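Have a look at my_file.txt; it's compact mmCIF, C-alpha atoms and all ligand atoms:
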```txt
# COMPACT_ATOMS: atom_id res chain seq x y z
CA MET T 1 0.00 0.00 0.00
CA TYR T 2 1.43 3.36 -1.04
CA ARG T 3 0.58 6.51 0.87
CA PRO T 4 1.88 9.92 -0.25
CA GLY T 5 4.42 11.85 1.80
CA SER T 6 3.53 15.24 3.24
CA ASP T 7 5.44 17.16 0.53
CA GLU T 8 3.62 15.28 -2.21
CA LEU T 9 0.34 15.88 -0.46
CA GLN T 10 1.01 19.59 -0.07
CA ALA T 11 1.95 19.92 -3.75
CA ALA T 12 -1.26 18.14 -4.81
CA ARG T 13 -3.40 20.38 -2.58
CA ALA T 14 -1.81 23.51 -4.04
CA GLN T 15 -2.16 22.20 -7.58
CA LEU T 16 -5.87 21.43 -7.13
CA VAL T 17 -6.53 24.93 -5.76
CA SER T 18 -4.64 26.47 -8.66
CA TYR T 19 -6.50 24.44 -11.30
CA GLY T 20 -9.80 25.13 -9.54
CA ALA T 21 -9.21 28.85 -10.08
CA ARG T 22 -8.48 28.10 -13.74
CA LEU T 23 -11.88 26.37 -14.09
CA LEU T 24 -13.47 29.76 -13.36
CA ASP T 25 -11.04 31.78 -15.47
CA ASP T 26 -11.49 29.47 -18.47
CA GLY T 27 -15.28 29.42 -18.18
CA LEU T 28 -15.42 25.68 -17.51
CA ALA T 29 -17.44 26.14 -14.30
CA VAL T 30 -19.01 28.85 -12.13
CA GLY T 31 -18.95 29.27 -8.34
CA SER T 32 -18.21 25.88 -6.79
CA ALA T 33 -19.54 23.76 -9.67
CA GLY T 34 -17.47 20.96 -11.15
CA ASN T 35 -14.69 19.20 -9.26
CA ILE T 36 -11.17 17.93 -9.82
CA SER T 37 -9.01 15.26 -8.26
CA VAL T 38 -5.59 13.62 -8.45
CA ARG T 39 -4.57 10.09 -7.54
CA LEU T 40 -1.82 9.80 -4.94
CA GLY T 41 -0.98 6.13 -4.65
CA ASP T 42 -3.86 4.51 -2.81
CA LEU T 43 -5.47 7.84 -2.00
CA VAL T 44 -7.34 10.45 -4.02
CA ALA T 45 -7.11 14.18 -3.28
CA ILE T 46 -10.31 15.93 -4.36
CA THR T 47 -11.84 19.39 -4.17
CA PRO T 48 -14.41 19.90 -1.38
CA SER T 49 -18.15 20.24 -1.77
CA GLY T 50 -19.76 23.68 -1.80
CA ILE T 51 -16.70 25.94 -1.55
CA SER T 52 -16.18 28.42 -4.37
CA TYR T 53 -12.88 28.07 -6.19
CA ALA T 54 -12.20 31.73 -5.51
CA GLU T 55 -12.15 31.03 -1.75
CA MET T 56 -10.66 27.53 -1.75
CA ARG T 57 -7.42 26.99 0.19
CA PRO T 58 -5.02 24.03 0.08
CA GLU T 59 -6.16 22.81 3.52
CA ASP T 60 -9.75 22.56 2.20
CA ILE T 61 -8.75 19.78 -0.23
CA CYS T 62 -10.08 16.39 0.94
CA LEU T 63 -8.48 12.97 0.95
CA VAL T 64 -10.39 9.77 0.34
CA THR T 65 -9.46 6.12 -0.03
CA ALA T 66 -10.36 4.06 -3.10
CA GLY T 67 -13.40 2.92 -1.13
CA GLY T 68 -14.54 6.50 -0.58
CA THR T 69 -13.77 6.69 3.13
CA GLU T 70 -11.49 9.10 4.97
CA PRO T 71 -7.96 7.78 5.46
CA GLY T 72 -7.86 6.50 9.03
CA GLY T 73 -5.75 7.69 11.96
CA GLY T 74 -3.49 10.68 12.36
CA THR T 75 -0.21 8.79 12.28
CA GLU T 76 0.21 8.72 8.51
CA PRO T 77 0.61 11.67 6.14
CA GLY T 78 -2.79 11.15 4.58
CA GLY T 79 -4.41 10.46 7.90
CA ALA T 80 -5.52 13.93 8.92
CA GLN T 81 -9.24 14.45 9.21
CA ASN T 82 -10.79 16.26 6.29
CA ARG T 83 -11.83 19.78 7.28
CA GLU T 84 -14.43 19.84 4.54
CA THR T 85 -16.80 17.37 2.85
CA PRO T 86 -15.37 15.73 -0.29
CA SER T 87 -17.07 16.63 -3.57
CA SER T 88 -20.50 15.11 -4.12
CA GLU T 89 -19.10 13.52 -7.28
CA THR T 90 -16.44 11.58 -5.37
CA PRO T 91 -18.09 8.24 -6.37
CA MET T 92 -17.69 9.16 -10.06
CA HIS T 93 -14.02 10.11 -9.63
CA LEU T 94 -13.31 6.89 -7.74
CA ALA T 95 -15.12 4.78 -10.35
CA ILE T 96 -12.97 6.32 -13.09
CA TYR T 97 -9.76 5.65 -11.14
CA ALA T 98 -10.88 2.06 -10.60
CA ALA T 99 -11.66 1.53 -14.30
CA THR T 100 -8.67 3.33 -15.87
CA LYS T 101 -5.04 4.29 -15.25
CA ALA T 102 -6.06 7.92 -14.74
CA GLY T 103 -3.74 10.05 -12.61
CA ALA T 104 -6.21 12.95 -12.50
CA VAL T 105 -9.88 13.60 -13.26
CA VAL T 106 -11.52 16.91 -14.22
CA HIS T 107 -15.29 17.37 -14.08
CA THR T 108 -16.63 20.58 -15.63
CA HIS T 109 -19.99 22.28 -16.04
CA SER T 110 -18.92 23.99 -19.25
CA PRO T 111 -21.64 25.54 -21.44
CA GLU T 112 -20.73 24.22 -24.89
CA VAL T 113 -20.76 20.55 -23.87
CA ILE T 114 -23.93 20.98 -21.81
CA ALA T 115 -25.71 22.63 -24.74
CA LEU T 116 -24.55 19.83 -27.04
CA SER T 117 -25.62 17.16 -24.54
CA ALA T 118 -29.20 18.40 -24.63
CA ALA T 119 -29.44 17.87 -28.39
CA ARG T 120 -26.97 15.18 -29.48
CA GLN T 121 -25.91 11.60 -28.63
CA GLU T 122 -22.22 12.31 -29.25
CA LEU T 123 -19.73 14.98 -30.21
CA PRO T 124 -18.63 13.92 -33.71
CA ALA T 125 -15.17 14.31 -35.25
CA ILE T 126 -15.44 17.92 -36.42
CA HIS T 127 -11.63 18.25 -36.11
CA TYR T 128 -8.84 15.70 -36.09
CA ALA T 129 -7.68 16.85 -32.63
CA ILE T 130 -10.52 14.71 -31.26
CA THR T 131 -8.11 11.76 -31.60
CA GLY T 132 -6.49 13.22 -28.46
CA LEU T 133 -9.64 12.17 -26.60
CA GLY T 134 -9.77 8.72 -28.25
CA GLY T 135 -12.33 9.68 -30.95
CA PRO T 136 -15.93 10.96 -31.04
CA VAL T 137 -17.05 11.68 -27.47
CA ARG T 138 -20.19 9.95 -26.22
CA VAL T 139 -22.99 11.64 -24.30
CA ALA T 140 -23.84 9.52 -21.25
CA PRO T 141 -27.52 9.31 -20.28
CA TYR T 142 -28.83 11.64 -17.60
CA VAL T 143 -28.58 10.31 -14.05
CA ARG T 144 -28.83 12.45 -10.88
CA PHE T 145 -25.64 14.17 -9.71
CA GLY T 146 -23.68 12.41 -6.97
CA SER T 147 -25.23 9.00 -7.65
CA ASP T 148 -23.54 5.66 -8.22
CA GLY T 149 -25.69 5.42 -11.35
CA LEU T 150 -24.02 8.52 -12.77
CA ALA T 151 -20.59 7.08 -11.94
CA ALA T 152 -21.47 3.85 -13.77
CA ALA T 153 -22.90 5.71 -16.78
CA ALA T 154 -19.77 7.86 -17.04
CA VAL T 155 -17.43 4.87 -16.88
CA ARG T 156 -19.45 2.99 -19.53
CA ALA T 157 -19.37 5.94 -21.93
CA LEU T 158 -15.63 6.43 -21.35
CA ASP T 159 -14.78 3.07 -22.92
CA GLY T 160 -11.81 3.74 -25.24
CA ARG T 161 -12.04 7.49 -24.55
CA SER T 162 -10.49 9.94 -22.11
CA ALA T 163 -13.56 12.20 -22.17
CA VAL T 164 -17.30 11.83 -21.66
CA ILE T 165 -20.15 14.32 -21.83
CA LEU T 166 -22.88 13.98 -19.18
CA ARG T 167 -26.35 14.81 -20.49
CA ASN T 168 -27.77 18.06 -19.05
CA HIS T 169 -24.88 18.17 -16.61
CA GLY T 170 -21.31 18.66 -17.88
CA ALA T 171 -18.26 16.68 -18.88
CA VAL T 172 -15.46 14.57 -17.43
CA THR T 173 -11.94 14.12 -18.75
CA TYR T 174 -9.00 12.22 -17.33
CA GLY T 175 -5.28 12.08 -17.98
CA ARG T 176 -2.00 10.81 -16.64
CA ASP T 177 -1.75 14.00 -14.56
CA LEU T 178 -3.81 17.09 -13.84
CA ALA T 179 -2.20 19.13 -16.62
CA GLN T 180 -3.21 16.55 -19.23
CA ALA T 181 -6.70 16.00 -17.82
CA TYR T 182 -7.26 19.76 -17.76
CA ASP T 183 -5.94 20.27 -21.30
CA ARG T 184 -8.41 17.62 -22.44
CA ALA T 185 -11.27 19.47 -20.73
CA LEU T 186 -10.30 22.61 -22.64
CA LEU T 187 -9.97 20.64 -25.90
CA LEU T 188 -13.40 19.06 -25.40
CA GLU T 189 -15.06 22.43 -24.82
CA TRP T 190 -13.25 23.88 -27.88
CA LEU T 191 -14.40 20.96 -30.04
CA ALA T 192 -18.02 21.36 -28.88
CA ARG T 193 -17.89 25.07 -29.68
CA THR T 194 -16.34 24.43 -33.07
CA TYR T 195 -19.03 21.87 -33.88
CA ARG T 196 -21.77 24.33 -32.92
CA LEU T 197 -20.21 26.99 -35.15
CA ALA T 198 -20.02 24.50 -38.03
CA LEU T 199 -23.73 23.71 -37.61
CA CYS T 200 -24.46 27.36 -38.41
CA TYR T 201 -23.43 26.65 -42.01
CA GLY T 202 -25.74 23.66 -42.37
CA ASP T 203 -24.70 20.04 -42.36
CA PRO T 204 -21.00 19.94 -41.49
CA ALA T 205 -18.56 17.36 -42.88
CA ILE T 206 -17.38 14.91 -40.22
CA LEU T 207 -14.10 12.96 -40.32
CA SER T 208 -14.46 9.23 -40.89
CA ALA T 209 -13.04 6.51 -38.64
CA ALA T 210 -10.41 5.80 -41.34
CA GLU T 211 -9.36 9.46 -41.42
CA LEU T 212 -9.06 9.49 -37.64
CA ASP T 213 -7.02 6.26 -37.70
CA GLU T 214 -4.68 7.89 -40.22
CA VAL T 215 -4.18 10.85 -37.87
CA THR T 216 -3.46 8.55 -34.94
CA ALA T 217 -0.94 6.55 -37.01
CA GLU T 218 0.83 9.69 -38.23
CA ALA T 219 0.99 11.16 -34.74
CA ARG T 220 2.57 7.92 -33.58
CA ARG T 221 5.02 7.90 -36.52
CA ARG T 222 6.11 11.42 -35.62
CA GLY T 223 6.79 10.27 -32.10
CA TYR T 224 4.10 12.41 -30.50
CA GLY T 225 3.44 9.47 -28.24
CA GLU T 226 7.04 9.18 -27.06
CA ARG T 227 6.80 12.08 -24.65
CA ARG T 228 3.89 10.26 -23.11
CA ALA T 229 5.37 6.98 -21.97
CA GLY T 230 3.09 4.18 -23.04
CA HIS T 231 0.50 6.62 -24.34
CA GLN T 232 -2.25 5.31 -26.55
CA PRO T 233 -4.88 7.62 -27.97
CA GLY T 234 -7.73 7.83 -25.53
CA GLN T 235 -5.63 6.55 -22.69
CA PRO T 236 -3.62 8.63 -20.22
ZN ZN T 301 -21.38 18.18 -11.78
```

Structure encoded using C-alpha cells:
Amino acid sequence: MYRPGSDELQAARAQLVSYGARLLDDGLAVGSAGNISVRLGDLVAITPSGISYAEMRPEDICLVTAGGTEPGGGTEPGGAQNRETPSSETPMHLAIYAATKAGAVVHTHSPEVIALSAARQELPAIHYAITGLGGPVRVAPYVRFGSDGLAAAAVRALDGRSAVILRNHGAVTYGRDLAQAYDRALLLEWLARTYRLALCYGDPAILSAAELDEVTAEARRRGYGERRAGHQPGQP
C-alpha cells in the first residue's frame, strides 16, 4: 500500500486549488460547480463540496481512499481528518480511477458541452484533434448528480475514450496527470464550440473513422506518443 508523503500531499493540494481557479477563469465552471481530483498512490485528493474556487485553500482539499472513506488515523501523512466534505461527485471520480489508469480527473460544467448534450448523442469528429480524446465523445444518459448510477454511466461511456459528456450536466476528462486532464477538458469544450459553429453553415462534414485512424498513425510515426510513456490515444 502506497501513501503519499507530506510534501507530495502539499503539492497536490496547491495544484488542485490552482487548477480550480483556472476552471473559473477558463469558463469551464461557475462558483463551486465541477470538481477535480488527483490520484496519490492509494489515496485520491479531491476538491471539497460547496466551496467556491475563488475562496478555496489548500487545507480545504479532501483525501479519500479508493473505497470513498477518509484515510484512518493521524499517524500517517494522509491520515488527517478532512476539514471539509469531499465533492458530491467523489463516487464518479473513484469509479474512473478504478476503471482506468487515470492520474487525474476533471469534471466541468462547461456551457458548450452541456448545450450539445441536450441535443446530441455524441460529439462527432469535427476536427482531427478529437483523436487526443480517443475519438468521437459519447454523451452519457442523464442520471442524478452524486449518484452511483451517474458514476457507472460515465465509466461505460468512457470506454476507449479519455472524455465523456454527461447529459444536461457537464463533462469529465481524465489524464495521466492534472495538466493533461485539464488540457483535455479545454480541448473538449473547444471541439463542442467548433461543432456548434459548423452547424451554423448547415450540415458539417465529419471525419471518418479511417481518417481518424490515419491521424493517430501519423501522430505515432512522428513520435508524438514518445513524450507520453506508453501513451495510446484515448488513454492517459
Ligand atoms: Zn457536476

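Nearest residue to ligand ZN 301 (chain T) among T:Ala33, T:Ala192, T:Leu212, T:Leu43 is T:Ala33, counting only C-alpha atoms and all ligand atoms.
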
Kindly work out which residues sit at most 8 Å from ligand ZN 301 (chain T), using only C-alpha atoms and all ligand atoms, and give the list as number ranges by chain. T: 33-35, 89, 107-109, 145-146, 169-171

Would you output that residue set with C-alpha atoms, as a PDB file, keeping the file's coordinate frame?
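out34.pdb written:
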```
ATOM      1  CA  ALA T  33     -19.540  23.760  -9.670  1.00  0.00           C
ATOM      2  CA  GLY T  34     -17.470  20.960 -11.150  1.00  0.00           C
ATOM      3  CA  ASN T  35     -14.690  19.200  -9.260  1.00  0.00           C
ATOM      4  CA  GLU T  89     -19.100  13.520  -7.280  1.00  0.00           C
ATOM      5  CA  HIS T 107     -15.290  17.370 -14.080  1.00  0.00           C
ATOM      6  CA  THR T 108     -16.630  20.580 -15.630  1.00  0.00           C
ATOM      7  CA  HIS T 109     -19.990  22.280 -16.040  1.00  0.00           C
ATOM      8  CA  PHE T 145     -25.640  14.170  -9.710  1.00  0.00           C
ATOM      9  CA  GLY T 146     -23.680  12.410  -6.970  1.00  0.00           C
ATOM     10  CA  HIS T 169     -24.880  18.170 -16.610  1.00  0.00           C
ATOM     11  CA  GLY T 170     -21.310  18.660 -17.880  1.00  0.00           C
ATOM     12  CA  ALA T 171     -18.260  16.680 -18.880  1.00  0.00           C
TER      13      ALA T 171
END
```

Quick one: distance from atom CA of Arg176 of chain T to atom CA of Leu133 of chain T in Å, one decimal? 12.6 Å

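With all atoms listed in the file as the atoms that count, the residue of T:Pro71, T:Gly135, T:Gly41, T:Gly20 with the shortest distance to Glu55 of chain T is T:Gly20.
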
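The nearest approach to Val155 of chain T among the residues T:Arg196, T:Arg13, T:His127, T:His93, with only C-alpha atoms taken into account, belongs to T:His93.
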
Fewer than 3 positions away in the same chain doesn't count, so skip those; otherwise give me all residues within 10 Å of Ala66 of chain T, counting only C-alpha atoms, as a PyMOL selection string. chain T and resi 39+41-44+63+69-71+90-91+93-95+97-98

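Between atom CA of Ala179 of chain T and atom CA of Glu59 of chain T there is a distance of 20.9 Å.
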
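Shortest separation to Ser208 of chain T among T:Leu9, T:Ile114, T:Ala125, T:Leu186 occurs at residue T:Ala125, atoms counted being all atoms listed in the file.
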
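The list of residues with at least one atom within 9 Å of Pro204 of chain T, based on all atoms listed in the file and without residues fewer than 6 positions apart in the same chain, reads Ile126, Tyr195 and Ala198 of chain T.
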
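If you look at atom CA of Arg144 of chain T and atom CA of Glu112 of chain T, they are 20.0 Å away from each other.
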
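In terms of minimum interatomic distance to Ala115 of chain T, T:Glu189 ranks closest within T:Asp203, T:Glu189, T:Asp60, T:Asp7, counting only C-alpha atoms.
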